[in-house]
There are 4 protein chains.
Amino acid sequence: MQNITPFKTKIYYEDVDVGGYCYHSKYLNFCERARSEIFFSKSASPIQNGYHFVVKTLTANYKLPALFGDEIKVYTSIKEFRGASITMFQQILNQDEKIVFEMDIVLVGMLNSKVAKIPQEFKKILNITKR
Amino acid sequence: MQNITPFKTKIYYEDVDVGGYCYHSKYLNFCERARSEIFFSKSASPIQNGYHFVVKTLTANYKLPALFGDEIKVYTSIKEFRGASITMFQQILNQDEKIVFEMDIVLVGMLNSKVAKIPQEFKKILNITKR
Amino acid sequence: MQNITPFKTKIYYEDVDVGGYCYHSKYLNFCERARSEIFFSKSASPIQNGYHFVVKTLTANYKLPALFGDEIKVYTSIKEFRGASITMFQQILNQDEKIVFEMDIVLVGMLNSKVAKIPQEFKKILNITKR
Amino acid sequence: MQNITPFKTKIYYEDVDVGGYCYHSKYLNFCERARSEIFFSKSASPIQNGYHFVVKTLTANYKLPALFGDEIKVYTSIKEFRGASITMFQQILNQDEKIVFEMDIVLVGMLNSKVAKIPQEFKKILNITKR
């Protein structure tokens, strides 16, 4: 689970607020892009036949500010999964390999606005078939 | 057309970048909220039975920077309309009644991914029935 | 602490993603606007002589989706405060008075990039002087 | 001027609104990231000793919608420059090499909140020294 390629981006004008510091909710966006990239990188979509994940809970830890121009990497690992839910741990590092942000996030799979079991294709893409 | 109530908001942390200046694309968002409010204020939605507007072209003029904490007002007037398109003029003023931003925007009505005539209900809401 | 006027906004186009559901990190933005409004509503700025708060940790709970056009209210209460930090509880309700989002957030006061005690002016605005 | 490497990104959840279409102001953000990358790619910052560009005017043309998951490329070329201002032409193409968005944008260089001549270092990075 740990070997998912990190998602890379930079901190642009639109991401920072006064003083050039990354706005606090943007880290969640970067983590979401990283989750979507798990699918995109396998030429798949995170929305398949209407099935998709929504955020249930998250616990975030702001360690260091990311600054304008910083190059960040988002590491994603799967901590746990059950019928319809997945718990991921995501970590953002800057160009100096310092941790700037950490998050535990619980996602729930939905189909037609109802909680629904994770389909086999999703499990394959997320590499959680054998567990 | 000129008498649409202006849409008011403030410039928050998420809107500014380095130095506390409003990020340039955010003015477009404020103008879009103002256009949606024309519908919301009449208990209607800007999406009705799939019909909605998309942006075709826009010409924007940045006059003065809006700063963190500024209270802005978005004025919207309809310059012209034809079968499926509307041209609006939108102006953003700050708390000192100074113009910070101006835009001409051409919107095109869409239904099922195709250009489609503006429905009567939309014309009523936009107050362009009699012209 | 409970009697802070809620901050109101609507869910606009820019806030939603596929299907018309509010994007998960936007709730954090709405909560931040609500915190800034505590200052703005008293004609003060949340940045005074360089002193300002940054987010240290947060725990968020997504209860119900907010949809395009929804009118939401953000309620903010202060749970605890110490020398340089404040813990707030923030709750977002929709027009049907249903809870859509809840968050515990720990903020830390900063001056010149260092943790610094909450100044008296900030305590007054936050109404935490007497405790 | 035409040979600046295009900036690439994808259309993520945060970029789309109802129906999975990219929100209209986001194209401006992608173009801004492309402009910043001209500097970042040369290990430079678009803010040097306080000097930076602000948007003066822009004319945008929406050709085709960009959809969730699309891979886009932003091409930037410099049309004209004078003492303190630069006119750029930016074009966004999707993975099928179709033009989705085009923009003419006029930027003005600022120093200490005043219009100021483009410094030599900026001209070098923008490759406009010899003209």
# chains A, B, ... in the order shown; residues from 1 in each chain; ligands from 1

$ residues_around --residues "Leu28 in chain D" --least-positions-apart "6" --cutoff "12 Å" --atoms "only C-alpha atoms" --output "number ranges by chain"
A: 13-14; B: 23-29, 58, 60; D: 15, 22, 34-35, 55, 58-62, 74, 90-92, 101-105

$ write_last_selection --atoms "N, CA and C atoms" --output "compact mmCIF listing (two decimals), in the first residue's frame"
# COMPACT_ATOMS: atom_id res chain seq x y z
N TYR A 13 0.41 31.08 -6.78
CA TYR A 13 -0.26 32.28 -6.27
C TYR A 13 -1.63 31.98 -5.68
N GLU A 14 -2.44 31.20 -6.42
CA GLU A 14 -3.81 30.92 -5.99
C GLU A 14 -3.90 30.14 -4.67
N TYR B 23 -6.79 37.70 -5.57
CA TYR B 23 -6.28 36.96 -6.74
C TYR B 23 -7.16 37.28 -7.95
N HIS B 24 -6.55 37.47 -9.11
CA HIS B 24 -7.25 38.04 -10.27
C HIS B 24 -8.46 37.24 -10.76
N SER B 25 -8.45 35.91 -10.62
CA SER B 25 -9.59 35.14 -11.14
C SER B 25 -10.78 35.16 -10.19
N LYS B 26 -10.56 35.56 -8.95
CA LYS B 26 -11.64 35.58 -7.96
C LYS B 26 -12.73 36.59 -8.30
N TYR B 27 -12.36 37.66 -8.99
CA TYR B 27 -13.36 38.65 -9.39
C TYR B 27 -14.40 38.01 -10.31
N LEU B 28 -13.95 37.07 -11.12
CA LEU B 28 -14.88 36.34 -11.99
C LEU B 28 -15.85 35.50 -11.15
N ASN B 29 -15.33 34.90 -10.08
CA ASN B 29 -16.19 34.14 -9.18
C ASN B 29 -17.24 35.04 -8.54
N LEU B 58 -15.30 36.85 -22.48
CA LEU B 58 -15.34 37.93 -21.49
C LEU B 58 -14.14 38.85 -21.69
N ALA B 60 -12.17 41.67 -19.37
CA ALA B 60 -12.09 42.14 -17.99
C ALA B 60 -11.05 43.24 -17.84
N ASP D 15 -11.86 21.52 -9.66
CA ASP D 15 -11.94 22.41 -10.82
C ASP D 15 -13.30 22.40 -11.50
N CYS D 22 -15.31 22.11 -16.23
CA CYS D 22 -14.38 23.00 -15.54
C CYS D 22 -15.01 24.37 -15.33
N ALA D 34 0.96 28.68 -15.48
CA ALA D 34 1.87 28.58 -16.63
C ALA D 34 2.84 29.77 -16.65
N ARG D 35 2.33 30.96 -16.34
CA ARG D 35 3.21 32.13 -16.32
C ARG D 35 4.23 32.01 -15.19
N VAL D 55 -2.36 41.75 -13.22
CA VAL D 55 -3.19 41.72 -14.42
C VAL D 55 -3.84 43.09 -14.63
N LEU D 58 -7.79 41.55 -19.63
CA LEU D 58 -7.74 40.26 -20.30
C LEU D 58 -9.00 40.06 -21.14
N THR D 59 -8.81 39.35 -22.24
CA THR D 59 -9.93 39.00 -23.12
C THR D 59 -9.88 37.49 -23.31
N ALA D 60 -10.93 36.84 -22.86
CA ALA D 60 -10.93 35.37 -22.85
C ALA D 60 -12.00 34.81 -23.74
N ASN D 61 -11.69 33.69 -24.34
CA ASN D 61 -12.53 33.03 -25.31
C ASN D 61 -12.70 31.55 -24.93
N TYR D 62 -13.91 31.16 -24.62
CA TYR D 62 -14.15 29.77 -24.21
C TYR D 62 -14.59 28.97 -25.43
N VAL D 74 -1.06 24.29 -21.23
CA VAL D 74 -1.19 25.73 -21.42
C VAL D 74 0.03 26.24 -22.19
N GLN D 90 -2.30 33.24 -24.42
CA GLN D 90 -2.24 31.92 -23.78
C GLN D 90 -3.37 31.06 -24.33
N GLN D 91 -3.04 29.82 -24.54
CA GLN D 91 -3.96 28.90 -25.18
C GLN D 91 -3.95 27.58 -24.40
N ILE D 92 -5.13 27.05 -24.13
CA ILE D 92 -5.21 25.77 -23.43
C ILE D 92 -5.75 24.71 -24.38
N PHE D 101 -9.54 26.89 -24.66
CA PHE D 101 -9.56 28.25 -24.11
C PHE D 101 -8.42 29.07 -24.69
N GLU D 102 -8.69 30.35 -24.94
CA GLU D 102 -7.67 31.28 -25.43
C GLU D 102 -7.80 32.60 -24.70
N MET D 103 -6.69 33.25 -24.48
CA MET D 103 -6.74 34.52 -23.75
C MET D 103 -5.61 35.43 -24.17
N ASP D 104 -5.94 36.71 -24.33
CA ASP D 104 -4.94 37.78 -24.42
C ASP D 104 -4.93 38.43 -23.05
N ILE D 105 -3.74 38.59 -22.49
CA ILE D 105 -3.66 39.17 -21.16
C ILE D 105 -2.56 40.22 -21.11

$ closest_atom_pairs --of "chain C" --to "chain B" --cutoff "10 Å" --atoms "only C-alpha atoms" --output "JSON lines"
{"residue": "C:Thr9", "atom": "CA", "partner": "B:Thr9", "partner_atom": "CA", "distance": 9.4}
{"residue": "C:Lys10", "atom": "CA", "partner": "B:Arg33", "partner_atom": "CA", "distance": 9.2}
{"residue": "C:Ile11", "atom": "CA", "partner": "B:Arg33", "partner_atom": "CA", "distance": 9.4}
{"residue": "C:Tyr12", "atom": "CA", "partner": "B:Arg33", "partner_atom": "CA", "distance": 6.4}
{"residue": "C:Tyr13", "atom": "CA", "partner": "B:Arg33", "partner_atom": "CA", "distance": 7.7}
{"residue": "C:Glu14", "atom": "CA", "partner": "B:Asn29", "partner_atom": "CA", "distance": 7.1}
{"residue": "C:Asn29", "atom": "CA", "partner": "B:Glu14", "partner_atom": "CA", "distance": 7.0}
{"residue": "C:Phe30", "atom": "CA", "partner": "B:Glu14", "partner_atom": "CA", "distance": 9.7}
{"residue": "C:Glu32", "atom": "CA", "partner": "B:Tyr13", "partner_atom": "CA", "distance": 8.0}
{"residue": "C:Arg33", "atom": "CA", "partner": "B:Tyr12", "partner_atom": "CA", "distance": 6.4}
{"residue": "C:Ala34", "atom": "CA", "partner": "B:Tyr12", "partner_atom": "CA", "distance": 9.9}
{"residue": "C:Ser36", "atom": "CA", "partner": "B:Tyr12", "partner_atom": "CA", "distance": 7.5}
{"residue": "C:Glu37", "atom": "CA", "partner": "B:Tyr12", "partner_atom": "CA", "distance": 9.1}
{"residue": "C:Phe39", "atom": "CA", "partner": "B:Gly69", "partner_atom": "CA", "distance": 9.8}
{"residue": "C:Phe40", "atom": "CA", "partner": "B:Gly69", "partner_atom": "CA", "distance": 7.3}
{"residue": "C:Ser43", "atom": "CA", "partner": "B:Gly69", "partner_atom": "CA", "distance": 9.6}
{"residue": "C:Ala44", "atom": "CA", "partner": "B:Gly69", "partner_atom": "CA", "distance": 9.2}
{"residue": "C:Ser45", "atom": "CA", "partner": "B:Gly69", "partner_atom": "CA", "distance": 7.2}
{"residue": "C:Pro46", "atom": "CA", "partner": "B:Gly69", "partner_atom": "CA", "distance": 9.1}
{"residue": "C:Ile47", "atom": "CA", "partner": "B:Phe68", "partner_atom": "CA", "distance": 9.8}
{"residue": "C:Phe68", "atom": "CA", "partner": "B:Ser45", "partner_atom": "CA", "distance": 9.0}
{"residue": "C:Gly69", "atom": "CA", "partner": "B:Phe40", "partner_atom": "CA", "distance": 7.2}
{"residue": "C:Asp70", "atom": "CA", "partner": "B:Phe40", "partner_atom": "CA", "distance": 9.6}
{"residue": "C:Glu71", "atom": "CA", "partner": "B:Phe40", "partner_atom": "CA", "distance": 9.9}

$ residues_around --residues "Val106 in chain A" --least-positions-apart "3" --cutoff "7 Å" --atoms "only C-alpha atoms" --output "list in words"
Val55, Lys56, Thr57, Leu58, Ser85, Ile86, Thr87 and Met88 of chain A

$ select_by_dssp --residues "range 10-113 of chain C" --states "alpha helix (DSSP H)" --output "count of residues only"
15

$ select_by_dssp --residues "range 14-131 of chain A" --states "strand (DSSP E or B)" --output "PyMOL selection string"
chain A and resi 16-17+21-22+48+51-62+67+71-81+85-93+99-111+114-115

$ write_last_selection --atoms "N, CA and C atoms" --output "compact mmCIF listing (two decimals), in the first residue's frame"
# COMPACT_ATOMS: atom_id res chain seq x y z
N VAL A 16 -1.76 30.55 -1.99
CA VAL A 16 -1.26 31.25 -0.81
C VAL A 16 -2.17 32.39 -0.40
N ASP A 17 -2.06 32.78 0.86
CA ASP A 17 -2.75 33.98 1.30
C ASP A 17 -1.70 34.99 1.80
N TYR A 21 1.88 32.24 2.54
CA TYR A 21 1.68 30.93 3.14
C TYR A 21 0.50 30.21 2.48
N CYS A 22 0.64 28.94 2.29
CA CYS A 22 -0.43 28.13 1.69
C CYS A 22 -1.68 28.16 2.58
N GLN A 48 -16.89 5.66 -11.46
CA GLN A 48 -17.16 4.60 -12.44
C GLN A 48 -18.59 4.10 -12.29
N TYR A 51 -20.32 5.06 -9.24
CA TYR A 51 -19.69 4.77 -7.95
C TYR A 51 -18.53 5.74 -7.72
N HIS A 52 -18.45 6.27 -6.50
CA HIS A 52 -17.37 7.21 -6.15
C HIS A 52 -17.28 7.30 -4.63
N PHE A 53 -16.19 7.87 -4.16
CA PHE A 53 -15.99 8.02 -2.72
C PHE A 53 -16.34 9.43 -2.26
N VAL A 54 -16.86 9.53 -1.04
CA VAL A 54 -17.03 10.84 -0.40
C VAL A 54 -16.28 10.81 0.93
N VAL A 55 -15.94 11.99 1.41
CA VAL A 55 -15.22 12.09 2.68
C VAL A 55 -16.20 11.93 3.85
N LYS A 56 -15.85 11.08 4.79
CA LYS A 56 -16.70 10.89 5.98
C LYS A 56 -16.13 11.68 7.16
N THR A 57 -14.87 11.44 7.49
CA THR A 57 -14.18 12.19 8.54
C THR A 57 -12.72 12.41 8.14
N LEU A 58 -12.11 13.38 8.76
CA LEU A 58 -10.67 13.56 8.57
C LEU A 58 -10.07 14.25 9.79
N THR A 59 -8.81 13.90 10.05
CA THR A 59 -8.06 14.51 11.13
C THR A 59 -6.76 15.01 10.53
N ALA A 60 -6.57 16.32 10.58
CA ALA A 60 -5.43 16.93 9.90
C ALA A 60 -4.49 17.60 10.89
N ASN A 61 -3.23 17.55 10.54
CA ASN A 61 -2.15 18.04 11.39
C ASN A 61 -1.25 18.95 10.56
N TYR A 62 -1.21 20.20 10.94
CA TYR A 62 -0.38 21.16 10.19
C TYR A 62 0.97 21.28 10.88
N LEU A 67 5.21 27.27 1.42
CA LEU A 67 5.33 28.65 0.96
C LEU A 67 5.22 28.76 -0.55
N GLU A 71 7.89 23.12 -3.75
CA GLU A 71 7.53 21.92 -4.49
C GLU A 71 7.14 20.87 -3.48
N ILE A 72 5.92 20.40 -3.57
CA ILE A 72 5.45 19.44 -2.57
C ILE A 72 5.13 18.09 -3.21
N LYS A 73 5.20 17.07 -2.36
CA LYS A 73 4.87 15.71 -2.77
C LYS A 73 3.84 15.17 -1.80
N VAL A 74 2.79 14.55 -2.32
CA VAL A 74 1.76 13.97 -1.46
C VAL A 74 1.90 12.44 -1.49
N TYR A 75 2.18 11.86 -0.34
CA TYR A 75 2.27 10.41 -0.20
C TYR A 75 0.97 9.87 0.37
N THR A 76 0.48 8.82 -0.23
CA THR A 76 -0.80 8.25 0.18
C THR A 76 -0.63 6.77 0.51
N SER A 77 -1.13 6.36 1.66
CA SER A 77 -1.13 4.92 1.94
C SER A 77 -2.48 4.51 2.52
N ILE A 78 -2.84 3.28 2.28
CA ILE A 78 -4.12 2.80 2.77
C ILE A 78 -3.90 2.08 4.10
N LYS A 79 -4.57 2.57 5.14
CA LYS A 79 -4.39 2.02 6.47
C LYS A 79 -5.32 0.85 6.72
N GLU A 80 -6.51 0.95 6.16
CA GLU A 80 -7.56 -0.01 6.50
C GLU A 80 -8.68 0.07 5.49
N PHE A 81 -9.37 -1.04 5.24
CA PHE A 81 -10.58 -0.93 4.43
C PHE A 81 -11.59 -1.97 4.89
N SER A 85 -15.86 1.29 3.13
CA SER A 85 -15.03 2.42 3.55
C SER A 85 -13.54 2.12 3.51
N ILE A 86 -12.78 3.18 3.33
CA ILE A 86 -11.31 3.09 3.29
C ILE A 86 -10.74 4.18 4.18
N THR A 87 -9.73 3.83 4.96
CA THR A 87 -9.01 4.84 5.72
C THR A 87 -7.64 5.02 5.10
N MET A 88 -7.34 6.24 4.73
CA MET A 88 -6.04 6.53 4.14
C MET A 88 -5.25 7.45 5.05
N PHE A 89 -3.92 7.33 4.93
CA PHE A 89 -3.02 8.25 5.62
C PHE A 89 -2.29 9.00 4.52
N GLN A 90 -2.34 10.32 4.58
CA GLN A 90 -1.68 11.12 3.54
C GLN A 90 -0.74 12.12 4.19
N GLN A 91 0.39 12.27 3.55
CA GLN A 91 1.46 13.09 4.11
C GLN A 91 2.00 13.99 3.00
N ILE A 92 2.18 15.25 3.30
CA ILE A 92 2.76 16.18 2.32
C ILE A 92 4.15 16.59 2.77
N LEU A 93 5.11 16.41 1.87
CA LEU A 93 6.50 16.79 2.15
C LEU A 93 6.92 17.92 1.22
N ILE A 99 8.12 17.22 6.57
CA ILE A 99 6.67 17.02 6.58
C ILE A 99 5.98 18.35 6.85
N VAL A 100 5.09 18.75 5.95
CA VAL A 100 4.35 19.99 6.18
C VAL A 100 2.93 19.71 6.65
N PHE A 101 2.41 18.55 6.30
CA PHE A 101 0.99 18.26 6.58
C PHE A 101 0.77 16.75 6.62
N GLU A 102 -0.09 16.32 7.55
CA GLU A 102 -0.45 14.89 7.66
C GLU A 102 -1.96 14.77 7.88
N MET A 103 -2.54 13.75 7.35
CA MET A 103 -3.99 13.60 7.50
C MET A 103 -4.39 12.13 7.50
N ASP A 104 -5.31 11.79 8.39
CA ASP A 104 -6.04 10.52 8.31
C ASP A 104 -7.39 10.85 7.75
N ILE A 105 -7.80 10.13 6.74
CA ILE A 105 -9.07 10.44 6.10
C ILE A 105 -9.86 9.15 5.87
N VAL A 106 -11.14 9.21 6.23
CA VAL A 106 -12.02 8.06 6.01
C VAL A 106 -12.97 8.39 4.86
N LEU A 107 -12.93 7.55 3.86
CA LEU A 107 -13.78 7.72 2.68
C LEU A 107 -14.85 6.64 2.67
N VAL A 108 -16.02 7.00 2.14
CA VAL A 108 -17.09 6.02 2.03
C VAL A 108 -17.55 5.96 0.58
N GLY A 109 -17.73 4.77 0.07
CA GLY A 109 -18.17 4.58 -1.31
C GLY A 109 -19.67 4.77 -1.44
N MET A 110 -20.05 5.46 -2.51
CA MET A 110 -21.46 5.78 -2.72
C MET A 110 -21.89 5.35 -4.12
N LEU A 111 -23.15 4.91 -4.18
CA LEU A 111 -23.77 4.61 -5.48
C LEU A 111 -25.22 5.07 -5.38
N LYS A 114 -26.37 6.34 -2.08
CA LYS A 114 -26.41 5.41 -0.95
C LYS A 114 -25.04 4.77 -0.75
N VAL A 115 -24.70 4.49 0.50
CA VAL A 115 -23.45 3.79 0.81
C VAL A 115 -23.49 2.43 0.12

$ atom_distance --atom1 "CA of Asn94 in chain C" --atom2 "CA of Gly19 in chain D"
22.5 Å

$ atom_distance --atom1 "CA of Thr129 in chain C" --atom2 "CA of Ala116 in chain C"
16.8 Å
